[in-house]
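File shown: data-v4.csv. Contents: CSV, N, CA and C atoms and all ligand atoms.
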chain,number,residue,atom,x,y,z
A,1365,MET,N,114.7,118.8,84.3
A,1365,MET,CA,114.4,117.4,84.0
A,1365,MET,C,114.6,117.1,82.5
A,1366,SER,N,115.6,116.3,82.1
A,1366,SER,CA,115.9,116.2,80.7
A,1366,SER,C,114.8,115.4,80.0
A,1367,ASP,N,114.1,114.4,80.7
A,1367,ASP,CA,113.2,113.6,79.9
A,1367,ASP,C,111.7,114.0,80.2
A,1368,CYS,N,111.5,115.1,80.8
A,1368,CYS,CA,110.1,115.6,81.0
A,1368,CYS,C,109.5,116.2,79.8
A,1369,ILE,N,108.4,115.8,79.4
A,1369,ILE,CA,107.8,116.2,78.1
A,1369,ILE,C,107.5,117.8,78.1
A,1370,PHE,N,107.0,118.3,79.3
A,1370,PHE,CA,106.7,119.7,79.3
A,1370,PHE,C,108.0,120.5,79.4
A,1371,CYS,N,109.0,120.0,80.1
A,1371,CYS,CA,110.3,120.7,80.0
A,1371,CYS,C,110.8,120.8,78.6
A,1372,LYS,N,110.6,119.7,77.8
A,1372,LYS,CA,111.0,119.7,76.4
A,1372,LYS,C,110.2,120.7,75.6
A,1373,ILE,N,108.9,120.8,75.9
A,1373,ILE,CA,108.0,121.8,75.2
A,1373,ILE,C,108.5,123.2,75.5
A,1374,ALA,N,108.8,123.5,76.8
A,1374,ALA,CA,109.2,124.8,77.2
A,1374,ALA,C,110.5,125.2,76.6
A,1375,ARG,N,111.4,124.2,76.3
A,1375,ARG,CA,112.7,124.5,75.7
A,1375,ARG,C,112.6,124.5,74.2
A,1376,GLY,N,111.4,124.2,73.6
A,1376,GLY,CA,111.2,124.2,72.2
A,1376,GLY,C,111.8,122.9,71.5
A,1377,GLU,N,112.0,121.9,72.3
A,1377,GLU,CA,112.6,120.6,71.8
A,1377,GLU,C,111.5,119.7,71.2
A,1378,ILE,N,110.2,119.9,71.7
A,1378,ILE,CA,109.0,119.3,71.2
A,1378,ILE,C,108.1,120.4,70.7
A,1379,PRO,N,107.6,120.3,69.5
A,1379,PRO,CA,106.7,121.4,69.0
A,1379,PRO,C,105.4,121.5,69.8
A,1380,SER,N,105.0,122.7,69.9
A,1380,SER,CA,103.7,123.0,70.5
A,1380,SER,C,103.1,124.2,69.9
A,1381,LYS,N,101.8,124.3,70.1
A,1381,LYS,CA,101.1,125.6,69.7
A,1381,LYS,C,101.2,126.6,70.8
A,1382,LYS,N,102.2,127.4,70.7
A,1382,LYS,CA,102.6,128.3,71.8
A,1382,LYS,C,101.5,129.4,71.9
A,1383,VAL,N,101.2,129.7,73.2
A,1383,VAL,CA,100.2,130.8,73.5
A,1383,VAL,C,101.0,132.0,74.1
A,1384,TYR,N,102.1,131.7,74.8
A,1384,TYR,CA,102.8,132.7,75.6
A,1384,TYR,C,104.1,132.2,76.1
A,1385,GLU,N,105.0,133.1,76.2
A,1385,GLU,CA,106.3,132.8,76.8
A,1385,GLU,C,106.9,134.0,77.4
A,1386,ASP,N,107.5,133.8,78.6
A,1386,ASP,CA,108.3,134.9,79.2
A,1386,ASP,C,109.5,134.2,79.9
A,1387,ASP,N,110.3,134.9,80.7
A,1387,ASP,CA,111.5,134.3,81.3
A,1387,ASP,C,111.1,133.1,82.2
A,1388,GLU,N,110.0,133.1,82.8
A,1388,GLU,CA,109.6,132.1,83.8
A,1388,GLU,C,108.5,131.1,83.4
A,1389,LEU,N,107.7,131.6,82.5
A,1389,LEU,CA,106.5,130.8,82.2
A,1389,LEU,C,106.4,130.5,80.7
A,1390,PHE,N,105.6,129.4,80.4
A,1390,PHE,CA,105.3,129.0,79.0
A,1390,PHE,C,103.9,128.6,79.0
A,1391,ALA,N,103.2,128.9,77.9
A,1391,ALA,CA,101.8,128.4,77.7
A,1391,ALA,C,101.6,127.9,76.3
A,1392,PHE,N,100.8,126.8,76.2
A,1392,PHE,CA,100.6,126.1,74.9
A,1392,PHE,C,99.3,125.4,74.9
A,1393,HIS,N,98.7,125.3,73.7
A,1393,HIS,CA,97.4,124.6,73.6
A,1393,HIS,C,97.5,123.1,73.9
A,1394,ASP,N,96.5,122.6,74.6
A,1394,ASP,CA,96.4,121.2,74.9
A,1394,ASP,C,96.2,120.4,73.6
A,1395,ILE,N,96.9,119.3,73.5
A,1395,ILE,CA,96.8,118.5,72.3
A,1395,ILE,C,95.5,117.8,72.2
A,1396,HIS,N,94.8,117.6,73.3
A,1396,HIS,CA,93.5,117.0,73.3
A,1396,HIS,C,92.5,117.9,74.0
A,1397,PRO,N,92.1,119.0,73.4
A,1397,PRO,CA,91.3,120.0,74.0
A,1397,PRO,C,89.9,119.5,74.4
A,1398,VAL,N,89.4,119.9,75.6
A,1398,VAL,CA,88.1,119.5,76.1
A,1398,VAL,C,87.1,120.6,75.9
A,1399,ALA,N,87.5,121.7,75.3
A,1399,ALA,CA,86.6,122.9,75.1
A,1399,ALA,C,87.2,123.7,73.9
A,1400,PRO,N,86.5,124.6,73.3
A,1400,PRO,CA,87.0,125.4,72.2
A,1400,PRO,C,88.4,126.1,72.5
A,1401,VAL,N,88.6,126.5,73.8
A,1401,VAL,CA,89.9,127.0,74.2
A,1401,VAL,C,90.3,126.2,75.3
A,1402,HIS,N,91.5,125.6,75.2
A,1402,HIS,CA,92.1,124.8,76.3
A,1402,HIS,C,93.6,124.8,76.1
A,1403,PHE,N,94.2,125.6,77.0
A,1403,PHE,CA,95.7,125.6,77.0
A,1403,PHE,C,96.2,125.4,78.4
A,1404,MET,N,97.5,125.2,78.4
A,1404,MET,CA,98.2,124.9,79.7
A,1404,MET,C,99.2,126.0,80.0
A,1405,LEU,N,99.3,126.5,81.2
A,1405,LEU,CA,100.3,127.4,81.6
A,1405,LEU,C,101.2,126.7,82.6
A,1406,ILE,N,102.5,126.7,82.2
A,1406,ILE,CA,103.5,125.9,83.1
A,1406,ILE,C,104.7,126.9,83.5
A,1407,PRO,N,105.3,126.5,84.6
A,1407,PRO,CA,106.6,127.2,84.9
A,1407,PRO,C,107.7,126.5,84.0
A,1408,LYS,N,108.7,127.3,83.6
A,1408,LYS,CA,109.8,126.7,82.9
A,1408,LYS,C,110.6,125.9,83.9
A,1409,LEU,N,110.6,126.2,85.2
A,1409,LEU,CA,111.3,125.4,86.2
A,1409,LEU,C,110.5,124.1,86.4
A,1410,HIS,N,111.2,123.0,86.4
A,1410,HIS,CA,110.5,121.8,86.6
A,1410,HIS,C,110.1,121.6,88.1
A,1411,VAL,N,108.8,121.6,88.3
A,1411,VAL,CA,108.2,121.3,89.6
A,1411,VAL,C,107.2,120.2,89.2
A,1412,ALA,N,107.3,119.1,89.8
A,1412,ALA,CA,106.5,117.9,89.4
A,1412,ALA,C,105.0,118.1,89.6
A,1413,SER,N,104.6,118.7,90.7
A,1413,SER,CA,103.2,118.9,91.0
A,1413,SER,C,103.1,119.9,92.2
A,1414,LEU,N,101.9,120.2,92.5
A,1414,LEU,CA,101.7,121.1,93.7
A,1414,LEU,C,102.2,120.3,95.0
A,1415,LEU,N,102.3,119.0,94.9
A,1415,LEU,CA,102.8,118.3,96.1
A,1415,LEU,C,104.3,118.5,96.3
A,1416,GLU,N,105.0,119.0,95.3
A,1416,GLU,CA,106.4,119.3,95.4
A,1416,GLU,C,106.7,120.8,95.6
A,1417,ALA,N,105.6,121.6,95.5
A,1417,ALA,CA,105.8,123.0,95.7
A,1417,ALA,C,106.1,123.4,97.1
A,1418,ASP,N,106.9,124.4,97.3
A,1418,ASP,CA,107.2,124.8,98.7
A,1418,ASP,C,107.3,126.4,98.7
A,1419,ASP,N,107.7,126.9,99.8
A,1419,ASP,CA,107.7,128.4,100.0
A,1419,ASP,C,108.6,129.0,98.9
A,1420,SER,N,109.6,128.3,98.4
A,1420,SER,CA,110.5,128.9,97.4
A,1420,SER,C,109.7,129.2,96.1
A,1421,HIS,N,108.5,128.6,95.9
A,1421,HIS,CA,107.7,128.7,94.7
A,1421,HIS,C,106.6,129.7,94.8
A,1422,ILE,N,106.5,130.4,95.9
A,1422,ILE,CA,105.3,131.3,96.1
A,1422,ILE,C,105.2,132.4,95.1
A,1423,ALA,N,106.3,133.0,94.8
A,1423,ALA,CA,106.3,134.1,93.7
A,1423,ALA,C,105.9,133.5,92.4
A,1424,LEU,N,106.5,132.4,92.1
A,1424,LEU,CA,106.2,131.7,90.8
A,1424,LEU,C,104.8,131.4,90.6
A,1425,LEU,N,104.2,130.8,91.7
A,1425,LEU,CA,102.8,130.3,91.6
A,1425,LEU,C,101.9,131.6,91.5
A,1426,GLY,N,102.3,132.6,92.2
A,1426,GLY,CA,101.5,133.9,92.2
A,1426,GLY,C,101.5,134.4,90.7
A,1427,ARG,N,102.7,134.4,90.2
A,1427,ARG,CA,102.8,134.9,88.8
A,1427,ARG,C,102.0,134.1,87.8
A,1428,MET,N,101.9,132.8,88.0
A,1428,MET,CA,101.1,131.9,87.2
A,1428,MET,C,99.6,132.3,87.3
A,1429,LEU,N,99.2,132.5,88.5
A,1429,LEU,CA,97.7,132.8,88.7
A,1429,LEU,C,97.4,134.2,88.1
A,1430,VAL,N,98.3,135.1,88.2
A,1430,VAL,CA,98.0,136.5,87.7
A,1430,VAL,C,98.1,136.5,86.2
A,1431,THR,N,98.9,135.6,85.6
A,1431,THR,CA,99.1,135.6,84.2
A,1431,THR,C,97.9,134.9,83.5
A,1432,ALA,N,97.4,133.9,84.2
A,1432,ALA,CA,96.3,133.1,83.6
A,1432,ALA,C,95.1,133.9,83.0
A,1433,PRO,N,94.6,134.9,83.7
A,1433,PRO,CA,93.4,135.6,83.2
A,1433,PRO,C,93.8,136.5,82.0
A,1434,LYS,N,95.1,137.0,82.0
A,1434,LYS,CA,95.5,137.8,80.9
A,1434,LYS,C,95.6,137.0,79.6
A,1435,LEU,N,96.1,135.8,79.7
A,1435,LEU,CA,96.2,134.9,78.6
A,1435,LEU,C,94.8,134.5,78.1
A,1436,ALA,N,93.9,134.2,79.1
A,1436,ALA,CA,92.6,133.8,78.8
A,1436,ALA,C,91.9,134.9,78.0
A,1437,ARG,N,92.0,136.1,78.4
A,1437,ARG,CA,91.4,137.2,77.7
A,1437,ARG,C,92.0,137.3,76.3
A,1438,GLN,N,93.3,137.1,76.2
A,1438,GLN,CA,93.9,137.2,74.8
A,1438,GLN,C,93.3,136.1,73.9
A,1439,GLN,N,92.9,135.0,74.5
A,1439,GLN,CA,92.4,133.9,73.8
A,1439,GLN,C,90.9,134.0,73.5
A,1440,GLY,N,90.3,135.2,73.9
A,1440,GLY,CA,88.9,135.5,73.7
A,1440,GLY,C,88.0,135.1,74.8
A,1441,LEU,N,88.5,134.7,75.9
A,1441,LEU,CA,87.7,134.2,77.1
A,1441,LEU,C,87.4,135.4,77.9
A,1442,ASP,N,86.5,136.4,77.4
A,1442,ASP,CA,86.2,137.6,78.1
A,1442,ASP,C,85.2,137.4,79.3
A,1443,ASN,N,84.5,136.3,79.2
A,1443,ASN,CA,83.4,136.0,80.1
A,1443,ASN,C,83.8,135.1,81.2
A,1444,GLY,N,85.1,134.6,81.3
A,1444,GLY,CA,85.5,133.7,82.3
A,1444,GLY,C,86.0,132.4,81.8
A,1445,PHE,N,86.6,131.6,82.6
A,1445,PHE,CA,87.2,130.4,82.2
A,1445,PHE,C,87.3,129.5,83.5
A,1446,ARG,N,87.7,128.3,83.2
A,1446,ARG,CA,87.9,127.3,84.3
A,1446,ARG,C,89.4,127.1,84.4
A,1447,THR,N,89.9,127.0,85.6
A,1447,THR,CA,91.3,126.6,85.8
A,1447,THR,C,91.3,125.3,86.5
A,1448,VAL,N,92.1,124.4,86.1
A,1448,VAL,CA,92.2,123.0,86.7
A,1448,VAL,C,93.7,122.7,86.9
A,1449,ILE,N,94.0,122.3,88.2
A,1449,ILE,CA,95.4,121.8,88.5
A,1449,ILE,C,95.2,120.4,89.0
A,1450,ASN,N,95.5,119.4,88.2
A,1450,ASN,CA,95.4,118.0,88.7
A,1450,ASN,C,96.7,117.7,89.4
A,1451,THR,N,96.6,117.2,90.6
A,1451,THR,CA,97.8,117.0,91.5
A,1451,THR,C,98.0,115.6,91.9
A,1452,GLY,N,99.1,115.0,91.5
A,1452,GLY,CA,99.4,113.6,91.9
A,1452,GLY,C,98.5,112.6,91.3
A,1453,LYS,N,98.8,111.3,91.4
A,1453,LYS,CA,98.0,110.2,90.9
A,1453,LYS,C,96.6,110.3,91.4
A,1454,GLY,N,96.5,110.7,92.7
A,1454,GLY,CA,95.1,110.8,93.3
A,1454,GLY,C,94.3,111.9,92.7
A,1455,GLY,N,95.0,112.9,92.1
A,1455,GLY,CA,94.2,114.0,91.5
A,1455,GLY,C,94.1,113.8,90.0
A,1456,GLY,N,94.5,112.6,89.5
A,1456,GLY,CA,94.3,112.3,88.0
A,1456,GLY,C,95.4,113.0,87.2
A,1457,GLN,N,96.5,113.4,87.8
A,1457,GLN,CA,97.6,114.0,87.0
A,1457,GLN,C,98.3,113.0,86.1
A,1458,GLU,N,98.5,113.3,84.9
A,1458,GLU,CA,99.1,112.4,83.9
A,1458,GLU,C,100.5,112.9,83.5
A,1459,VAL,N,100.7,114.2,83.5
A,1459,VAL,CA,102.1,114.7,83.1
A,1459,VAL,C,102.6,115.4,84.4
A,1460,PHE,N,103.8,114.9,84.9
A,1460,PHE,CA,104.3,115.3,86.1
A,1460,PHE,C,105.2,116.5,86.0
A,1461,HIS,N,104.7,117.5,85.5
A,1461,HIS,CA,105.3,118.9,85.5
A,1461,HIS,C,104.1,119.8,85.7
A,1462,LEU,N,104.2,120.5,86.8
A,1462,LEU,CA,103.1,121.4,87.3
A,1462,LEU,C,102.5,122.2,86.1
A,1463,HIS,N,101.2,122.1,86.0
A,1463,HIS,CA,100.5,122.9,84.9
A,1463,HIS,C,99.1,123.3,85.3
A,1464,ILE,N,98.7,124.5,84.9
A,1464,ILE,CA,97.4,125.0,85.1
A,1464,ILE,C,96.6,124.8,83.7
A,1465,HIS,N,95.6,124.0,83.7
A,1465,HIS,CA,94.7,124.0,82.5
A,1465,HIS,C,93.8,125.2,82.6
A,1466,ILE,N,93.7,125.9,81.4
A,1466,ILE,CA,92.8,127.1,81.3
A,1466,ILE,C,91.8,126.7,80.2
A,1467,ILE,N,90.6,126.6,80.5
A,1467,ILE,CA,89.6,126.0,79.7
A,1467,ILE,C,88.4,126.9,79.6
A,1468,GLY,N,87.8,127.1,78.4
A,1468,GLY,CA,86.6,127.9,78.3
A,1468,GLY,C,86.1,128.0,76.8
A,1469,GLY,N,85.1,128.8,76.6
A,1469,GLY,CA,84.7,129.0,75.3
A,1469,GLY,C,83.5,128.2,74.9
A,1470,GLY,N,83.1,127.2,75.7
A,1470,GLY,CA,82.0,126.4,75.4
A,1470,GLY,C,81.1,126.3,76.6
A,1471,LEU,N,80.3,125.2,76.6
A,1471,LEU,CA,79.5,125.0,77.8
A,1471,LEU,C,80.4,124.3,78.8
A,1472,ILE,N,80.6,125.0,79.9
A,1472,ILE,CA,81.4,124.5,81.0
A,1472,ILE,C,80.4,123.9,82.0
A,1473,PRO,N,80.4,122.6,82.2
A,1473,PRO,CA,79.4,122.0,83.1
A,1473,PRO,C,79.8,122.3,84.6
A,1474,SER,N,78.8,122.3,85.4
A,1474,SER,CA,79.1,122.5,86.8
A,1474,SER,C,80.1,121.4,87.2
A,1475,MET,N,81.1,121.7,88.0
A,1475,MET,CA,82.1,120.7,88.3
A,1475,MET,C,81.7,119.6,89.3
A,1476,MET,N,80.9,120.0,90.3
A,1476,MET,CA,80.5,119.0,91.2
A,1476,MET,C,79.0,118.7,91.0
A,1477,ARG,N,78.8,117.4,90.7
A,1477,ARG,CA,77.4,117.0,90.5
A,1477,ARG,C,76.8,116.6,91.8
A,1478,ARG,N,75.8,117.4,92.3
A,1478,ARG,CA,75.2,117.0,93.5
A,1478,ARG,C,73.8,116.4,93.3
A,1479,ASN,N,73.6,115.2,93.7
A,1479,ASN,CA,72.3,114.5,93.5
A,1479,ASN,C,71.4,114.7,94.7
A,1501,LIG,P1,97.0,116.2,83.4
A,1501,LIG,O1,96.1,115.1,83.4
A,1501,LIG,O2,96.5,117.4,84.2
A,1501,LIG,O3,98.4,115.8,83.8
A,1501,LIG,O4,97.0,116.8,82.0
A,1501,LIG,C1,98.0,116.6,81.0
A,1501,LIG,C2,97.5,117.2,79.7
A,1501,LIG,O5,98.6,117.3,78.9
A,1501,LIG,C3,96.4,116.4,79.0
A,1501,LIG,O6,95.3,117.3,78.9
A,1501,LIG,C4,97.1,116.1,77.6
A,1501,LIG,O7,96.1,116.2,76.6
A,1501,LIG,C5,98.1,117.2,77.6
A,1501,LIG,N1,99.3,116.9,76.7
A,1501,LIG,C6,100.0,115.7,76.8
A,1501,LIG,N2,101.0,115.8,75.9
A,1501,LIG,C7,100.9,117.0,75.3
A,1501,LIG,C8,101.6,117.6,74.2
A,1501,LIG,N3,102.7,117.1,73.6
A,1501,LIG,N4,101.2,118.8,73.8
A,1501,LIG,C9,100.1,119.4,74.3
A,1501,LIG,N5,99.4,118.9,75.3
A,1501,LIG,C10,99.8,117.7,75.8
A,1502,ZN,ZN,109.4,119.2,83.5

Just dump the structure as C-alpha cells.
Ligand code: AMP
Ligand code: ZN
Amino acid sequence: MSDCIFCKIARGEIPSKKVYEDDELFAFHDIHPVAPVHFMLIPKLHVASLLEADDSHIALLGRMLVTAPKLARQQGLDNGFRTVINTGKGGGQEVFHLHIHIIGGGLIPSMMRRN
C-alpha cells in the first residue's frame, strides 16, 4: 500500500525509532508512548487489521507473537509486558496496518475495570 504510513515506515520512507527489522517484520517506538517502553511490531506485508487476516497469514502472525517477547526483553521488559492489537473502528484502531503494541516498564493498570 503506497500511501500507508506504517508501510512507509517499514520501507524507511518515513523516519522512525527502529527497534528491530528482519525480512518479514519491523518494530519501532510509538510516537506517543503511553508507558516508558511502548513500541509497535508490524508485518512488512500490508494487512489492514486482524479483520483482514486469513489462513495465509498464520505463519506471519505466529512469528509476530514469538518475536514480541524477544524484543520486549531487549527493551528491558524482563518482568512482562502488555500486548494490544486494536482491530477496526470498533476496536479503536487508528492506523490501518496491522500492529501489535508492546507496552511496559511502568505501572500497567488492570485492563478491565470491574465495579
Ligand atoms: P492504533 O490506535 O492501535 O491504530 O495505534 C496507532 C498508533 O500509532 C498510535 O499509538 C500512534 O501514536 C502511533 N503512531 C502514529 N503515527 C506514528 C509514527 N509516525 N511513528 C510512530 N508511531 C506512530
Ligand atoms: Zn501498510

Distance filter 5 Å around ligand LIG 1501 (chain A), atoms: all atoms listed in the file, out as a tab-separated table (two decimals) with N, CA and C atoms, keeping the file's coordinate frame:
chain	number	residue	atom	x	y	z
A	1393	HIS	N	98.70	125.30	73.70
A	1393	HIS	CA	97.40	124.60	73.60
A	1393	HIS	C	97.50	123.10	73.90
A	1394	ASP	N	96.50	122.60	74.60
A	1394	ASP	CA	96.40	121.20	74.90
A	1394	ASP	C	96.20	120.40	73.60
A	1395	ILE	N	96.90	119.30	73.50
A	1395	ILE	CA	96.80	118.50	72.30
A	1395	ILE	C	95.50	117.80	72.20
A	1396	HIS	N	94.80	117.60	73.30
A	1396	HIS	CA	93.50	117.00	73.30
A	1396	HIS	C	92.50	117.90	74.00
A	1450	ASN	N	95.50	119.40	88.20
A	1450	ASN	CA	95.40	118.00	88.70
A	1450	ASN	C	96.70	117.70	89.40
A	1456	GLY	N	94.50	112.60	89.50
A	1456	GLY	CA	94.30	112.30	88.00
A	1456	GLY	C	95.40	113.00	87.20
A	1457	GLN	N	96.50	113.40	87.80
A	1457	GLN	CA	97.60	114.00	87.00
A	1457	GLN	C	98.30	113.00	86.10
A	1458	GLU	N	98.50	113.30	84.90
A	1458	GLU	CA	99.10	112.40	83.90
A	1458	GLU	C	100.50	112.90	83.50
A	1459	VAL	N	100.70	114.20	83.50
A	1459	VAL	CA	102.10	114.70	83.10
A	1459	VAL	C	102.60	115.40	84.40

When DSSP is applied to the backbone of this structure, which of segment 1426-1463 of chain A are assigned helix (DSSP H, G or I)? Write them out as a VMD selection string. chain A and resid 1426 to 1438 1453 to 1455

Write a file of the just-selected residues containing N, CA and C atoms, as a tab-separated table (two decimals), in the frame of the given file.
chain	number	residue	atom	x	y	z
A	1426	GLY	N	102.30	132.60	92.20
A	1426	GLY	CA	101.50	133.90	92.20
A	1426	GLY	C	101.50	134.40	90.70
A	1427	ARG	N	102.70	134.40	90.20
A	1427	ARG	CA	102.80	134.90	88.80
A	1427	ARG	C	102.00	134.10	87.80
A	1428	MET	N	101.90	132.80	88.00
A	1428	MET	CA	101.10	131.90	87.20
A	1428	MET	C	99.60	132.30	87.30
A	1429	LEU	N	99.20	132.50	88.50
A	1429	LEU	CA	97.70	132.80	88.70
A	1429	LEU	C	97.40	134.20	88.10
A	1430	VAL	N	98.30	135.10	88.20
A	1430	VAL	CA	98.00	136.50	87.70
A	1430	VAL	C	98.10	136.50	86.20
A	1431	THR	N	98.90	135.60	85.60
A	1431	THR	CA	99.10	135.60	84.20
A	1431	THR	C	97.90	134.90	83.50
A	1432	ALA	N	97.40	133.90	84.20
A	1432	ALA	CA	96.30	133.10	83.60
A	1432	ALA	C	95.10	133.90	83.00
A	1433	PRO	N	94.60	134.90	83.70
A	1433	PRO	CA	93.40	135.60	83.20
A	1433	PRO	C	93.80	136.50	82.00
A	1434	LYS	N	95.10	137.00	82.00
A	1434	LYS	CA	95.50	137.80	80.90
A	1434	LYS	C	95.60	137.00	79.60
A	1435	LEU	N	96.10	135.80	79.70
A	1435	LEU	CA	96.20	134.90	78.60
A	1435	LEU	C	94.80	134.50	78.10
A	1436	ALA	N	93.90	134.20	79.10
A	1436	ALA	CA	92.60	133.80	78.80
A	1436	ALA	C	91.90	134.90	78.00
A	1437	ARG	N	92.00	136.10	78.40
A	1437	ARG	CA	91.40	137.20	77.70
A	1437	ARG	C	92.00	137.30	76.30
A	1438	GLN	N	93.30	137.10	76.20
A	1438	GLN	CA	93.90	137.20	74.80
A	1438	GLN	C	93.30	136.10	73.90
A	1453	LYS	N	98.80	111.30	91.40
A	1453	LYS	CA	98.00	110.20	90.90
A	1453	LYS	C	96.60	110.30	91.40
A	1454	GLY	N	96.50	110.70	92.70
A	1454	GLY	CA	95.10	110.80	93.30
A	1454	GLY	C	94.30	111.90	92.70
A	1455	GLY	N	95.00	112.90	92.10
A	1455	GLY	CA	94.20	114.00	91.50
A	1455	GLY	C	94.10	113.80	90.00

Show me a table, sorted first by chain and then by increasing residue number, of the residues of chain A having an atom at most 8 Å from ligand ZN 1502 (chain A), each with its shortest atom pair and the distance in Å to one decimal, counting only C-alpha atoms and all ligand atoms and written as a tab-separated table.
residue	atom	partner	partner_atom	distance
A:Met1365	CA	A:ZN1502	ZN	5.3
A:Ser1366	CA	A:ZN1502	ZN	7.7
A:Asp1367	CA	A:ZN1502	ZN	7.7
A:Cys1368	CA	A:ZN1502	ZN	4.4
A:Ile1369	CA	A:ZN1502	ZN	6.4
A:Phe1370	CA	A:ZN1502	ZN	5.0
A:Cys1371	CA	A:ZN1502	ZN	3.9
A:Lys1372	CA	A:ZN1502	ZN	7.3
A:Lys1408	CA	A:ZN1502	ZN	7.5
A:Leu1409	CA	A:ZN1502	ZN	7.0
A:His1410	CA	A:ZN1502	ZN	4.2
A:Val1411	CA	A:ZN1502	ZN	6.6
A:Ala1412	CA	A:ZN1502	ZN	6.7
A:Phe1460	CA	A:ZN1502	ZN	6.9
A:His1461	CA	A:ZN1502	ZN	4.6
A:Leu1462	CA	A:ZN1502	ZN	7.7

Just asking: which residues within chain A are strand (DSSP E or B) according to DSSP, as a list in words? Lys1382, Val1383, Tyr1384, Glu1385, Leu1389, Phe1390, Ala1391, Phe1392, His1393, Val1401, His1402, Phe1403, Met1404, Leu1405, Ile1406, Pro1407, Arg1446, Thr1447, Val1448, Ile1464, His1465, Ile1466, Ile1467 and Gly1468 of chain A

Go through A:Leu1405, A:Leu1415, A:Leu1441, A:Val1398 one by one, measure the shortest atom-to-atom distance of each to Gly1455 of chain A using only C-alpha atoms, and give the residue with the smallest value. A:Leu1415

Using only N, CA and C atoms, which residues sit within 5 Å of His1465 of chain A once same-chain residues fewer than 5 positions away are excluded, as a ChimeraX atom specification? /A:1403-1404,1447-1448

Name the residues in contact with Tyr1384 of chain A at a cut-off of 9 Å, using only C-alpha atoms, excluding same-chain residues fewer than 6 positions from it; report them as a PDB file with N, CA and C atoms, keeping the file's coordinate frame.
ATOM      1  N   PHE A1390     105.600 129.400  80.400  1.00  0.00           N
ATOM      2  CA  PHE A1390     105.300 129.000  79.000  1.00  0.00           C
ATOM      3  C   PHE A1390     103.900 128.600  79.000  1.00  0.00           C
ATOM      4  N   ALA A1391     103.200 128.900  77.900  1.00  0.00           N
ATOM      5  CA  ALA A1391     101.800 128.400  77.700  1.00  0.00           C
ATOM      6  C   ALA A1391     101.600 127.900  76.300  1.00  0.00           C
ATOM      7  N   PHE A1392     100.800 126.800  76.200  1.00  0.00           N
ATOM      8  CA  PHE A1392     100.600 126.100  74.900  1.00  0.00           C
ATOM      9  C   PHE A1392      99.300 125.400  74.900  1.00  0.00           C
ATOM     10  N   LEU A1405      99.300 126.500  81.200  1.00  0.00           N
ATOM     11  CA  LEU A1405     100.300 127.400  81.600  1.00  0.00           C
ATOM     12  C   LEU A1405     101.200 126.700  82.600  1.00  0.00           C
ATOM     13  N   LEU A1435      96.100 135.800  79.700  1.00  0.00           N
ATOM     14  CA  LEU A1435      96.200 134.900  78.600  1.00  0.00           C
ATOM     15  C   LEU A1435      94.800 134.500  78.100  1.00  0.00           C
TER      16      LEU A1435
END

Under the rule that only C-alpha atoms are counted, which of A:Ser1420, A:Thr1431, A:Gln1439, A:Ser1474 is the nearest residue to Lys1382 of chain A?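 Smallest distance to Lys1382 of chain A is found for A:Gln1439.
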
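Coordinates place atom N of Ala1399 of chain A at a distance of 14.9 Å from atom N of Asp1442 of chain A.
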
Nearest to Ile1466 of chain A: which of A:Val1383, A:Ala1436, A:Ile1378, A:Met1428 is it, counting all atoms listed in the file?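 Smallest separation from Ile1466 of chain A among the options: A:Ala1436.
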
What separation in Å, quoted to one decimal, exists between atom CA of Val1401 of chain A and atom CA of Pro1473 of chain A?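 Atom CA of Val1401 of chain A sits 14.6 Å away from atom CA of Pro1473 of chain A.
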
Interatomic distance (Å, one decimal) between atom N of Glu1385 of chain A and atom C of Lys1434 of chain A: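 It comes out at 10.7 Å.
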
Would you pick out the contacts of Ile1472 of chain A at 9 Å or less, using only C-alpha atoms, so that residues sharing its chain but fewer than 5 positions from it are not included, and give the list as a ChimeraX atom specification? /A:1399,1445-1446,1467

Atoms to include: N, CA and C atoms. Write the selected residues as an mmCIF file, in the frame of the given file.
data_model
loop_
_atom_site.group_PDB
_atom_site.id
_atom_site.type_symbol
_atom_site.label_atom_id
_atom_site.label_comp_id
_atom_site.auth_asym_id
_atom_site.auth_seq_id
_atom_site.Cartn_x
_atom_site.Cartn_y
_atom_site.Cartn_z
ATOM 1 N N ALA A 1399 87.500 121.700 75.300
ATOM 2 C CA ALA A 1399 86.600 122.900 75.100
ATOM 3 C C ALA A 1399 87.200 123.700 73.900
ATOM 4 N N PHE A 1445 86.600 131.600 82.600
ATOM 5 C CA PHE A 1445 87.200 130.400 82.200
ATOM 6 C C PHE A 1445 87.300 129.500 83.500
ATOM 7 N N ARG A 1446 87.700 128.300 83.200
ATOM 8 C CA ARG A 1446 87.900 127.300 84.300
ATOM 9 C C ARG A 1446 89.400 127.100 84.400
ATOM 10 N N ILE A 1467 90.600 126.600 80.500
ATOM 11 C CA ILE A 1467 89.600 126.000 79.700
ATOM 12 C C ILE A 1467 88.400 126.900 79.600
#
